[in-house]
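**Q** As input, take target.cif (mmCIF, C-alpha atoms and all ligand atoms):
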data_coords
loop_
_atom_site.label_atom_id
_atom_site.label_comp_id
_atom_site.auth_asym_id
_atom_site.auth_seq_id
_atom_site.Cartn_x
_atom_site.Cartn_y
_atom_site.Cartn_z
CA MET A 1 107.98 48.40 56.38
CA ALA A 2 104.91 50.16 57.67
CA THR A 3 101.20 50.14 56.98
CA ILE A 4 99.90 53.43 55.62
CA GLY A 5 96.17 54.09 56.08
CA PHE A 6 94.37 56.40 53.67
CA ILE A 7 91.20 58.34 54.41
CA GLY A 8 90.44 59.56 50.91
CA SER A 9 91.70 57.71 47.85
CA GLY A 10 91.33 60.30 45.11
CA HIS A 11 94.01 62.14 43.16
CA ILE A 12 96.39 62.80 46.04
CA GLY A 13 95.57 59.76 48.20
CA SER A 14 96.06 57.31 45.34
CA THR A 15 99.28 59.03 44.20
CA VAL A 16 100.81 58.82 47.69
CA ALA A 17 99.65 55.18 47.83
CA ARG A 18 101.43 54.37 44.53
CA LEU A 19 104.65 55.87 45.89
CA ALA A 20 104.22 54.07 49.23
CA VAL A 21 103.67 50.68 47.57
CA ALA A 22 106.71 51.27 45.33
CA ALA A 23 108.70 51.82 48.55
CA GLY A 24 107.45 48.50 49.94
CA HIS A 25 104.77 49.72 52.36
CA ASP A 26 101.36 48.14 52.83
CA VAL A 27 98.50 50.54 52.08
CA ILE A 28 94.89 50.46 53.23
CA MET A 29 92.66 52.64 51.08
CA SER A 30 89.28 54.08 52.09
CA ASN A 31 86.73 56.56 50.83
CA SER A 32 83.17 57.67 51.60
CA ARG A 33 81.41 55.17 49.33
CA GLY A 34 82.77 51.90 50.70
CA PRO A 35 85.67 49.51 50.09
CA GLU A 36 83.94 47.74 47.20
CA THR A 37 84.20 50.94 45.14
CA LEU A 38 88.00 50.82 45.46
CA ALA A 39 88.49 47.37 43.85
CA GLU A 40 90.01 48.77 40.64
CA LEU A 41 92.48 50.99 42.51
CA VAL A 42 93.48 48.16 44.85
CA ALA A 43 94.05 45.83 41.87
CA GLU A 44 96.23 48.47 40.23
CA LEU A 45 98.21 49.04 43.43
CA GLY A 46 98.91 45.31 43.74
CA PRO A 47 99.36 42.80 46.56
CA LEU A 48 100.46 45.32 49.20
CA ALA A 49 97.12 47.16 48.91
CA SER A 50 93.70 46.55 50.39
CA ALA A 51 90.50 48.54 50.86
CA ALA A 52 88.58 49.10 54.08
CA THR A 53 86.37 51.59 55.86
CA PRO A 54 87.90 54.87 57.09
CA GLU A 55 87.70 53.50 60.65
CA ALA A 56 89.69 50.39 59.73
CA ALA A 57 92.23 52.36 57.66
CA ALA A 58 92.71 54.69 60.65
CA GLU A 59 92.95 51.81 63.10
CA GLN A 60 95.38 49.69 61.09
CA GLY A 61 97.61 52.44 59.71
CA ASP A 62 100.93 53.12 61.44
CA LEU A 63 100.82 56.43 59.60
CA VAL A 64 97.57 57.81 58.19
CA VAL A 65 96.98 60.17 55.26
CA VAL A 66 93.83 62.32 55.38
CA SER A 67 93.14 63.51 51.84
CA ILE A 68 89.50 64.51 51.51
CA PRO A 69 87.73 67.81 50.87
CA LEU A 70 88.17 70.04 53.92
CA LYS A 71 84.40 70.25 54.39
CA ALA A 72 84.45 66.52 55.27
CA ILE A 73 87.06 66.57 58.04
CA ASP A 74 84.47 66.28 60.82
CA SER A 75 83.74 62.76 59.58
CA VAL A 76 87.34 61.58 60.12
CA PRO A 77 87.29 58.89 62.84
CA VAL A 78 88.79 60.25 66.05
CA ALA A 79 89.50 57.43 68.53
CA PRO A 80 91.46 55.16 66.15
CA LEU A 81 93.84 58.05 65.40
CA ASP A 82 94.72 58.79 69.02
CA GLY A 83 98.51 58.85 69.37
CA LYS A 84 99.08 58.50 65.61
CA VAL A 85 100.81 60.68 63.06
CA VAL A 86 98.28 62.03 60.54
CA MET A 87 99.44 63.53 57.25
CA ASP A 88 97.04 66.28 56.21
CA THR A 89 96.95 67.13 52.49
CA ASN A 90 93.90 69.33 52.63
CA ASN A 91 93.35 72.79 51.22
CA TYR A 92 90.57 75.28 51.83
CA TYR A 93 88.61 76.26 48.75
CA PRO A 94 85.46 78.13 49.86
CA GLN A 95 83.79 77.51 46.50
CA ARG A 96 84.14 73.75 47.12
CA ASP A 97 84.08 73.58 50.92
CA GLY A 98 81.65 76.38 51.76
CA HIS A 99 82.75 79.41 53.75
CA VAL A 100 84.34 78.85 57.16
CA ALA A 101 84.53 82.21 58.98
CA ALA A 102 87.67 81.32 60.96
CA LEU A 103 89.47 80.42 57.74
CA ASP A 104 88.18 83.44 55.85
CA ASP A 105 89.52 85.79 58.56
CA ASP A 106 92.72 83.71 58.85
CA SER A 107 92.31 83.24 62.61
CA THR A 108 93.03 79.54 62.06
CA THR A 109 94.04 77.14 59.32
CA GLY A 110 92.58 73.98 57.84
CA SER A 111 95.29 71.84 59.42
CA GLU A 112 94.60 73.34 62.84
CA LEU A 113 90.90 72.51 62.38
CA LEU A 114 91.86 68.90 61.66
CA GLN A 115 94.15 68.93 64.72
CA GLN A 116 91.25 70.24 66.86
CA HIS A 117 89.08 67.44 65.53
CA LEU A 118 91.85 64.92 66.37
CA PRO A 119 93.14 66.26 69.70
CA ASP A 120 95.28 63.24 70.51
CA ALA A 121 96.74 62.73 67.05
CA PHE A 122 99.86 64.45 65.69
CA VAL A 123 98.83 66.29 62.54
CA VAL A 124 101.52 67.15 60.00
CA LYS A 125 100.65 69.28 56.99
CA VAL A 126 102.26 67.89 53.84
CA PHE A 127 101.54 67.26 50.12
CA ASN A 128 99.00 70.10 49.90
CA ASN A 129 101.05 72.40 47.68
CA ILE A 130 102.05 70.00 44.93
CA ASN A 131 99.83 68.85 42.10
CA TYR A 132 99.16 65.13 42.26
CA LYS A 133 100.65 64.51 38.82
CA HIS A 134 103.86 66.26 39.77
CA LEU A 135 103.94 64.38 43.08
CA GLY A 136 103.93 61.16 41.08
CA THR A 137 106.52 62.20 38.49
CA LEU A 138 109.04 64.09 40.64
CA ALA A 139 109.84 61.29 43.12
CA ARG A 140 113.54 60.33 42.95
CA PRO A 141 115.80 57.97 44.88
CA ASP A 142 117.94 59.30 47.70
CA GLY A 143 121.02 61.03 46.29
CA ALA A 144 119.54 61.79 42.85
CA PRO A 145 120.79 65.22 41.72
CA ASP A 146 117.29 66.36 40.76
CA ARG A 147 115.49 65.17 43.91
CA SER A 148 112.78 67.57 45.13
CA ALA A 149 111.93 68.59 48.68
CA LEU A 150 108.44 68.76 50.16
CA LEU A 151 107.30 71.09 52.92
CA VAL A 152 106.05 69.88 56.29
CA ALA A 153 104.52 71.78 59.20
CA GLY A 154 103.50 70.40 62.57
CA ASP A 155 103.66 70.90 66.32
CA SER A 156 105.37 67.60 67.13
CA GLU A 157 109.02 67.20 66.19
CA PRO A 158 108.93 63.36 66.42
CA ALA A 159 105.84 63.33 64.17
CA LYS A 160 107.60 65.53 61.62
CA GLN A 161 110.59 63.20 61.80
CA GLN A 162 108.35 60.20 61.05
CA VAL A 163 106.91 62.03 58.07
CA THR A 164 110.41 63.06 56.94
CA ASP A 165 111.46 59.40 57.03
CA PHE A 166 108.37 58.42 55.05
CA LEU A 167 108.99 61.15 52.45
CA ASP A 168 112.58 59.97 52.10
CA GLN A 169 111.33 56.43 51.45
CA ILE A 170 108.89 57.57 48.75
CA GLY A 171 111.36 59.81 46.94
CA TYR A 172 111.52 63.25 48.54
CA ASP A 173 113.67 65.41 50.78
CA THR A 174 111.94 67.57 53.39
CA VAL A 175 111.92 71.25 54.37
CA ASP A 176 110.44 71.98 57.80
CA ALA A 177 108.31 75.15 57.64
CA GLY A 178 107.67 75.20 61.40
CA ALA A 179 104.57 74.81 63.57
CA LEU A 180 101.21 73.67 62.22
CA GLY A 181 99.60 77.13 62.22
CA GLU A 182 102.39 79.56 61.52
CA GLY A 183 104.42 77.13 59.42
CA GLY A 184 101.41 75.75 57.57
CA ARG A 185 100.32 79.24 56.52
CA LYS A 186 103.59 79.55 54.63
CA PHE A 187 102.43 77.00 52.06
CA GLN A 188 98.66 77.18 52.18
CA VAL A 189 96.48 78.33 49.27
CA GLY A 190 97.50 81.84 48.22
CA SER A 191 101.11 81.67 49.46
CA ALA A 192 104.12 81.90 47.15
CA ALA A 193 104.90 78.26 47.92
CA TYR A 194 101.45 77.10 46.81
CA GLY A 195 100.81 76.29 43.22
CA ASN A 196 103.68 76.52 40.80
CA LEU A 197 106.62 75.70 43.05
CA TYR A 198 106.99 72.33 41.28
CA GLY A 199 106.19 73.63 37.82
CA ASP A 200 103.26 74.88 35.94
CA LEU A 201 100.28 72.56 35.47
CA SER A 202 100.85 72.60 31.72
CA SER A 203 104.14 70.76 32.30
CA PRO A 204 103.17 67.10 32.74
CA ASP A 205 106.43 66.11 34.42
CA GLY A 206 106.76 69.09 36.75
CA THR A 207 109.98 70.91 37.59
CA PRO A 208 112.22 69.58 40.37
CA ALA A 209 112.60 71.93 43.35
CA ASP A 210 115.38 71.09 45.79
CA ALA A 211 115.47 72.18 49.43
CA ALA A 212 117.31 75.44 48.63
CA THR A 213 114.73 76.36 45.98
CA VAL A 214 111.83 75.54 48.32
CA LEU A 215 113.41 77.63 51.09
CA SER A 216 113.96 80.60 48.79
CA VAL A 217 110.29 80.55 47.77
CA LEU A 218 109.24 80.33 51.44
CA MET A 219 111.32 83.45 52.16
CA LYS A 220 109.30 85.45 49.59
CA ASP A 221 106.38 85.50 52.03
CA ALA A 222 108.53 86.12 55.11
N1 LIG A 301 94.40 67.19 43.34
C1 LIG A 301 95.57 67.70 43.72
O1 LIG A 301 96.53 67.79 42.91
C2 LIG A 301 95.76 68.13 45.15
C3 LIG A 301 97.05 68.50 45.52
C4 LIG A 301 97.31 68.82 46.84
C5 LIG A 301 96.29 68.82 47.77
N2 LIG A 301 95.02 68.52 47.38
C6 LIG A 301 93.98 68.56 48.43
O2 LIG A 301 93.86 67.25 48.97
C7 LIG A 301 92.48 66.97 49.26
C8 LIG A 301 92.03 65.81 48.38
O3 LIG A 301 92.18 66.21 47.02
P1 LIG A 301 92.02 65.19 45.82
O4 LIG A 301 92.33 65.97 44.60
O5 LIG A 301 92.74 63.93 46.09
O6 LIG A 301 90.44 64.96 45.87
P2 LIG A 301 89.57 63.88 45.10
O7 LIG A 301 90.34 63.33 43.94
O8 LIG A 301 88.24 64.50 44.87
O9 LIG A 301 89.43 62.70 46.17
C9 LIG A 301 88.78 62.91 47.39
C10 LIG A 301 88.71 61.57 48.09
O10 LIG A 301 88.14 61.80 49.37
C11 LIG A 301 87.12 60.83 49.58
N3 LIG A 301 86.17 61.33 50.57
C12 LIG A 301 85.33 62.38 50.46
N4 LIG A 301 84.64 62.53 51.62
C13 LIG A 301 85.07 61.54 52.45
C14 LIG A 301 84.73 61.16 53.76
N5 LIG A 301 83.83 61.85 54.47
N6 LIG A 301 85.36 60.09 54.30
C15 LIG A 301 86.28 59.39 53.59
N7 LIG A 301 86.65 59.71 52.34
C16 LIG A 301 86.04 60.77 51.78
C17 LIG A 301 86.54 60.60 48.22
O11 LIG A 301 85.83 59.40 48.21
P3 LIG A 301 84.37 59.28 47.54
O12 LIG A 301 84.63 59.51 46.09
O13 LIG A 301 83.93 57.91 47.88
O14 LIG A 301 83.55 60.38 48.19
C18 LIG A 301 87.83 60.55 47.40
O15 LIG A 301 88.43 59.27 47.50
C19 LIG A 301 91.72 68.27 48.98
O16 LIG A 301 91.62 69.01 50.15
C20 LIG A 301 92.61 68.98 47.96
O17 LIG A 301 92.45 70.38 47.99
C21 LIG A 301 94.75 68.15 46.09
#
Before we go any further, please render this structure as structure tokens.

**A**
Amino acid sequence: MATIGFIGSGHIGSTVARLAVAAGHDVIMSNSRGPETLAELVAELGPLASAATPEAAAEQGDLVVVSIPLKAIDSVPVAPLDGKVVMDTNNYYPQRDGHVAALDDDSTTGSELLQQHLPDAFVVKVFNNINYKHLGTLARPDGAPDRSALLVAGDSEPAKQQVTDFLDQIGYDTVDAGALGEGGRKFQVGSAAYGNLYGDLSSPDGTPADAATVLSVLMKDA
């Protein structure tokens, strides 16, 4: 079993952590306000969980999830993530993050900005297009007939394989959308694959979407 570091422990970070702990992984949670503010979450997650600073979560994680508002990515520690696989859940919402010209004119993507910030890490875009509640409720064991697939995009095939293995352990199949930029655009905010692919927000349990369904939605934007 691995240690998963979390930079950001909000809706998505804590949901991935719950799934990771259920799969037997250790998790190290962090946020901007300090480990002491995560005591309740760590108690809920149980003995496999601890809280630390973002630097320590980055340093100790075998795999690291970055799940913070995009406007905060410049604060992600760089050196401890060298050589590591980083799962990027982030979305660009100008009303929340402020306008970024290169994102507004689509000359780059949020995941590529994180990759630029972490030049020696292997960034894989994942989890950004599923609501956190649905991410929690749609996880299924391998072989379940209603197992869903999640999209990944990244420039490193071994990194995507590591993320695919992790997704399998926490209850999901994987569909590879391609490279970080071109592939990631296929499921960023505004794409057909963003939003209701796993059911409408009014449905608390979500709607399973298998690999064929995910692929067919990806093709709508092709
Ligand atoms: N909510 C969803 O269903 C969903 C689904 C897919 C993707 N996303 C995307 O995933 C990202 C996170 O979303 P969320 O809903 O999980 O947000 P959230 O609930 O607001 O949680 C954000 C987390 O990031 C932490 N944080 C903020 N600035 C930080 C920094 N500089 N260093 C370390 N931690 C920092 C916050 O800690 P403090 O409270 O201590 O600042 C908090 O733990 C966003 O980009 C969002 O668009 C969200």

**Q** Please produce, as a tab-separated table, a per-residue contact table for chain A versus ligand LIG 301 (chain A) (criterion: any atom at most 10 Å away, all atoms listed in the file considered), showing the nearest atom pair and its distance in Å to one decimal, sorted by chain then residue number.

**A**
residue	atom	partner	partner_atom	distance
A:Phe6	CA	A:LIG301	N7	8.5
A:Ile7	CA	A:LIG301	C15	5.1
A:Gly8	CA	A:LIG301	O10	3.6
A:Ser9	CA	A:LIG301	O15	3.6
A:Gly10	CA	A:LIG301	O9	3.2
A:His11	CA	A:LIG301	O5	3.7
A:Ile12	CA	A:LIG301	O5	3.8
A:Gly13	CA	A:LIG301	O5	5.5
A:Ser14	CA	A:LIG301	O5	7.4
A:Thr15	CA	A:LIG301	O5	8.4
A:Val16	CA	A:LIG301	O5	9.7
A:Met29	CA	A:LIG301	O15	8.6
A:Ser30	CA	A:LIG301	N7	6.2
A:Asn31	CA	A:LIG301	N7	3.5
A:Ser32	CA	A:LIG301	O13	3.8
A:Arg33	CA	A:LIG301	O13	4.0
A:Gly34	CA	A:LIG301	O13	6.7
A:Pro35	CA	A:LIG301	O13	8.9
A:Thr37	CA	A:LIG301	O13	7.5
A:Leu38	CA	A:LIG301	O13	8.5
A:Thr53	CA	A:LIG301	C15	8.1
A:Pro54	CA	A:LIG301	C15	5.9
A:Glu55	CA	A:LIG301	C15	9.3
A:Val65	CA	A:LIG301	O2	10.0
A:Val66	CA	A:LIG301	C7	7.8
A:Ser67	CA	A:LIG301	C8	4.3
A:Ile68	CA	A:LIG301	O10	3.7
A:Pro69	CA	A:LIG301	O16	4.1
A:Leu70	CA	A:LIG301	O16	5.2
A:Lys71	CA	A:LIG301	N4	8.2
A:Ala72	CA	A:LIG301	N5	4.8
A:Ile73	CA	A:LIG301	N5	6.7
A:Asp74	CA	A:LIG301	N5	7.8
A:Ser75	CA	A:LIG301	N5	5.2
A:Val76	CA	A:LIG301	N6	6.3
A:Pro77	CA	A:LIG301	N6	8.8
A:Asp88	CA	A:LIG301	O2	8.0
A:Thr89	CA	A:LIG301	O2	4.7
A:Asn90	CA	A:LIG301	O16	3.4
A:Asn91	CA	A:LIG301	O17	4.1
A:Tyr92	CA	A:LIG301	O17	6.5
A:Tyr93	CA	A:LIG301	O17	7.1
A:Arg96	CA	A:LIG301	O17	9.0
A:Asp97	CA	A:LIG301	O16	8.9
A:Gly110	CA	A:LIG301	O16	9.2
A:Val126	CA	A:LIG301	C5	8.6
A:Phe127	CA	A:LIG301	C4	5.6
A:Asn128	CA	A:LIG301	C5	3.7
A:Asn129	CA	A:LIG301	C4	5.2
A:Ile130	CA	A:LIG301	C4	5.2
A:Asn131	CA	A:LIG301	O1	3.6
A:Tyr132	CA	A:LIG301	O1	3.8
A:Lys133	CA	A:LIG301	O1	6.7
A:His134	CA	A:LIG301	O1	8.1
A:Leu135	CA	A:LIG301	O1	8.2
A:Gln188	CA	A:LIG301	C5	9.7
A:Val189	CA	A:LIG301	O17	9.0
A:Tyr194	CA	A:LIG301	C4	9.3
A:Gly195	CA	A:LIG301	C3	9.0
A:Leu201	CA	A:LIG301	O1	9.6

**Q** Smallest atom-to-atom distance to A:Val123: which of A:Pro141, A:Gly154, A:Pro80, A:Gly171, using all atoms listed in the file?

**A**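 Nearest to A:Val123: A:Gly154.
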
**Q** Once 3 Å is added on each side, what are the centre and the three edge lengths, in Å to one decimal, of the axis-aligned box enclosing the listed atoms of stretch 40-54 of chain A? Present them as JSON.

**A**
{"center_x": 93.4, "center_y": 48.8, "center_z": 48.7, "size_x": 20.1, "size_y": 18.1, "size_z": 22.9}

**Q** What separation in Å, quoted to one decimal, exists between atom CA of A:Thr108 and atom CA of A:Leu167?

**A**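 Here the two named atoms are 26.2 Å from each other.
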
**Q** Would you please work out which residue, of A:Gly136, A:Gly190, A:Ala17, A:Thr164, is nearest to A:Asp106 when using all atoms listed in the file?

**A** A:Gly190

**Q** So how many Å separate atom CA of A:Asp146 and atom CA of A:Gln161, to one decimal?

**A**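 Computing the Euclidean distance for atom CA of A:Asp146 and atom CA of A:Gln161 yields 22.3 Å.
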
**Q** Suppose you want the space between atom CA of A:Ile4 and atom CA of A:Ala144; what is it in Å?

**A**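 Here the two named atoms are 24.9 Å from each other.
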
**Q** Could you give me, as a PyMOL selection string, the residues within 10 Å of A:Ala212, counting all atoms listed in the file and dropping anything in the same chain fewer than 6 positions from it?

**A** chain A and resi 148-149+175+218

**Q** Take the residues from that selection and put them in a file with C-alpha atoms, as a JSON list (two decimals), in the frame of the given file.

**A**
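Output saved as again.json:
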[["chain", "number", "residue", "atom", "x", "y", "z"],
["A", 148, "SER", "CA", 112.78, 67.57, 45.13],
["A", 149, "ALA", "CA", 111.93, 68.59, 48.68],
["A", 175, "VAL", "CA", 111.92, 71.25, 54.37],
["A", 218, "LEU", "CA", 109.24, 80.33, 51.44]]

**Q** If you count all atoms listed in the file, which residues fall within 10 Å of A:Ile170, apart from same-chain ones fewer than 4 positions away, as a PDB file with C-alpha atoms, in the frame of the given file?

**A**
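So the final result, stored in result_8.pdb, reads:
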ATOM      1  CA  VAL A  16     100.810  58.820  47.690  1.00  0.00           C
ATOM      2  CA  ALA A  17      99.650  55.180  47.830  1.00  0.00           C
ATOM      3  CA  ARG A  18     101.430  54.370  44.530  1.00  0.00           C
ATOM      4  CA  LEU A  19     104.650  55.870  45.890  1.00  0.00           C
ATOM      5  CA  ALA A  20     104.220  54.070  49.230  1.00  0.00           C
ATOM      6  CA  VAL A  21     103.670  50.680  47.570  1.00  0.00           C
ATOM      7  CA  ALA A  22     106.710  51.270  45.330  1.00  0.00           C
ATOM      8  CA  ALA A  23     108.700  51.820  48.550  1.00  0.00           C
ATOM      9  CA  GLY A  24     107.450  48.500  49.940  1.00  0.00           C
ATOM     10  CA  HIS A  25     104.770  49.720  52.360  1.00  0.00           C
ATOM     11  CA  GLY A 136     103.930  61.160  41.080  1.00  0.00           C
ATOM     12  CA  ALA A 139     109.840  61.290  43.120  1.00  0.00           C
ATOM     13  CA  ARG A 140     113.540  60.330  42.950  1.00  0.00           C
ATOM     14  CA  PRO A 141     115.800  57.970  44.880  1.00  0.00           C
ATOM     15  CA  ASP A 142     117.940  59.300  47.700  1.00  0.00           C
ATOM     16  CA  THR A 164     110.410  63.060  56.940  1.00  0.00           C
ATOM     17  CA  ASP A 165     111.460  59.400  57.030  1.00  0.00           C
ATOM     18  CA  PHE A 166     108.370  58.420  55.050  1.00  0.00           C
TER      19      PHE A 166
END

**Q** For A:Val217, work out the shell of residues within 9 Å, counting only C-alpha atoms and skipping chain neighbours fewer than 6 positions away, then give it as a ChimeraX atom specification.

**A** /A:192-193,197

**Q** Here is a test: counting all atoms listed in the file, which residue of A:Gly5, A:Gly181, A:Pro208, A:Gly98 is nearest to A:Thr137?

**A**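 Using all atoms listed in the file, the shortest distance to A:Thr137 belongs to A:Pro208.
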
**Q** Which one of A:Asp62, A:Asp26, A:Asp120, A:Glu157 sits closest to A:Gly46 if you count all atoms listed in the file?

**A**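 Looking only at the distances to A:Gly46, the closest residue turns out to be A:Asp26.
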
**Q** Would you mind listing what lies within 10 Å of A:Leu81 as a VMD selection string, with all atoms listed in the file counted and same-chain residues fewer than 3 positions away left out?

**A** chain A and resid 55 57 to 64 76 to 78 84 to 86 118 to 122
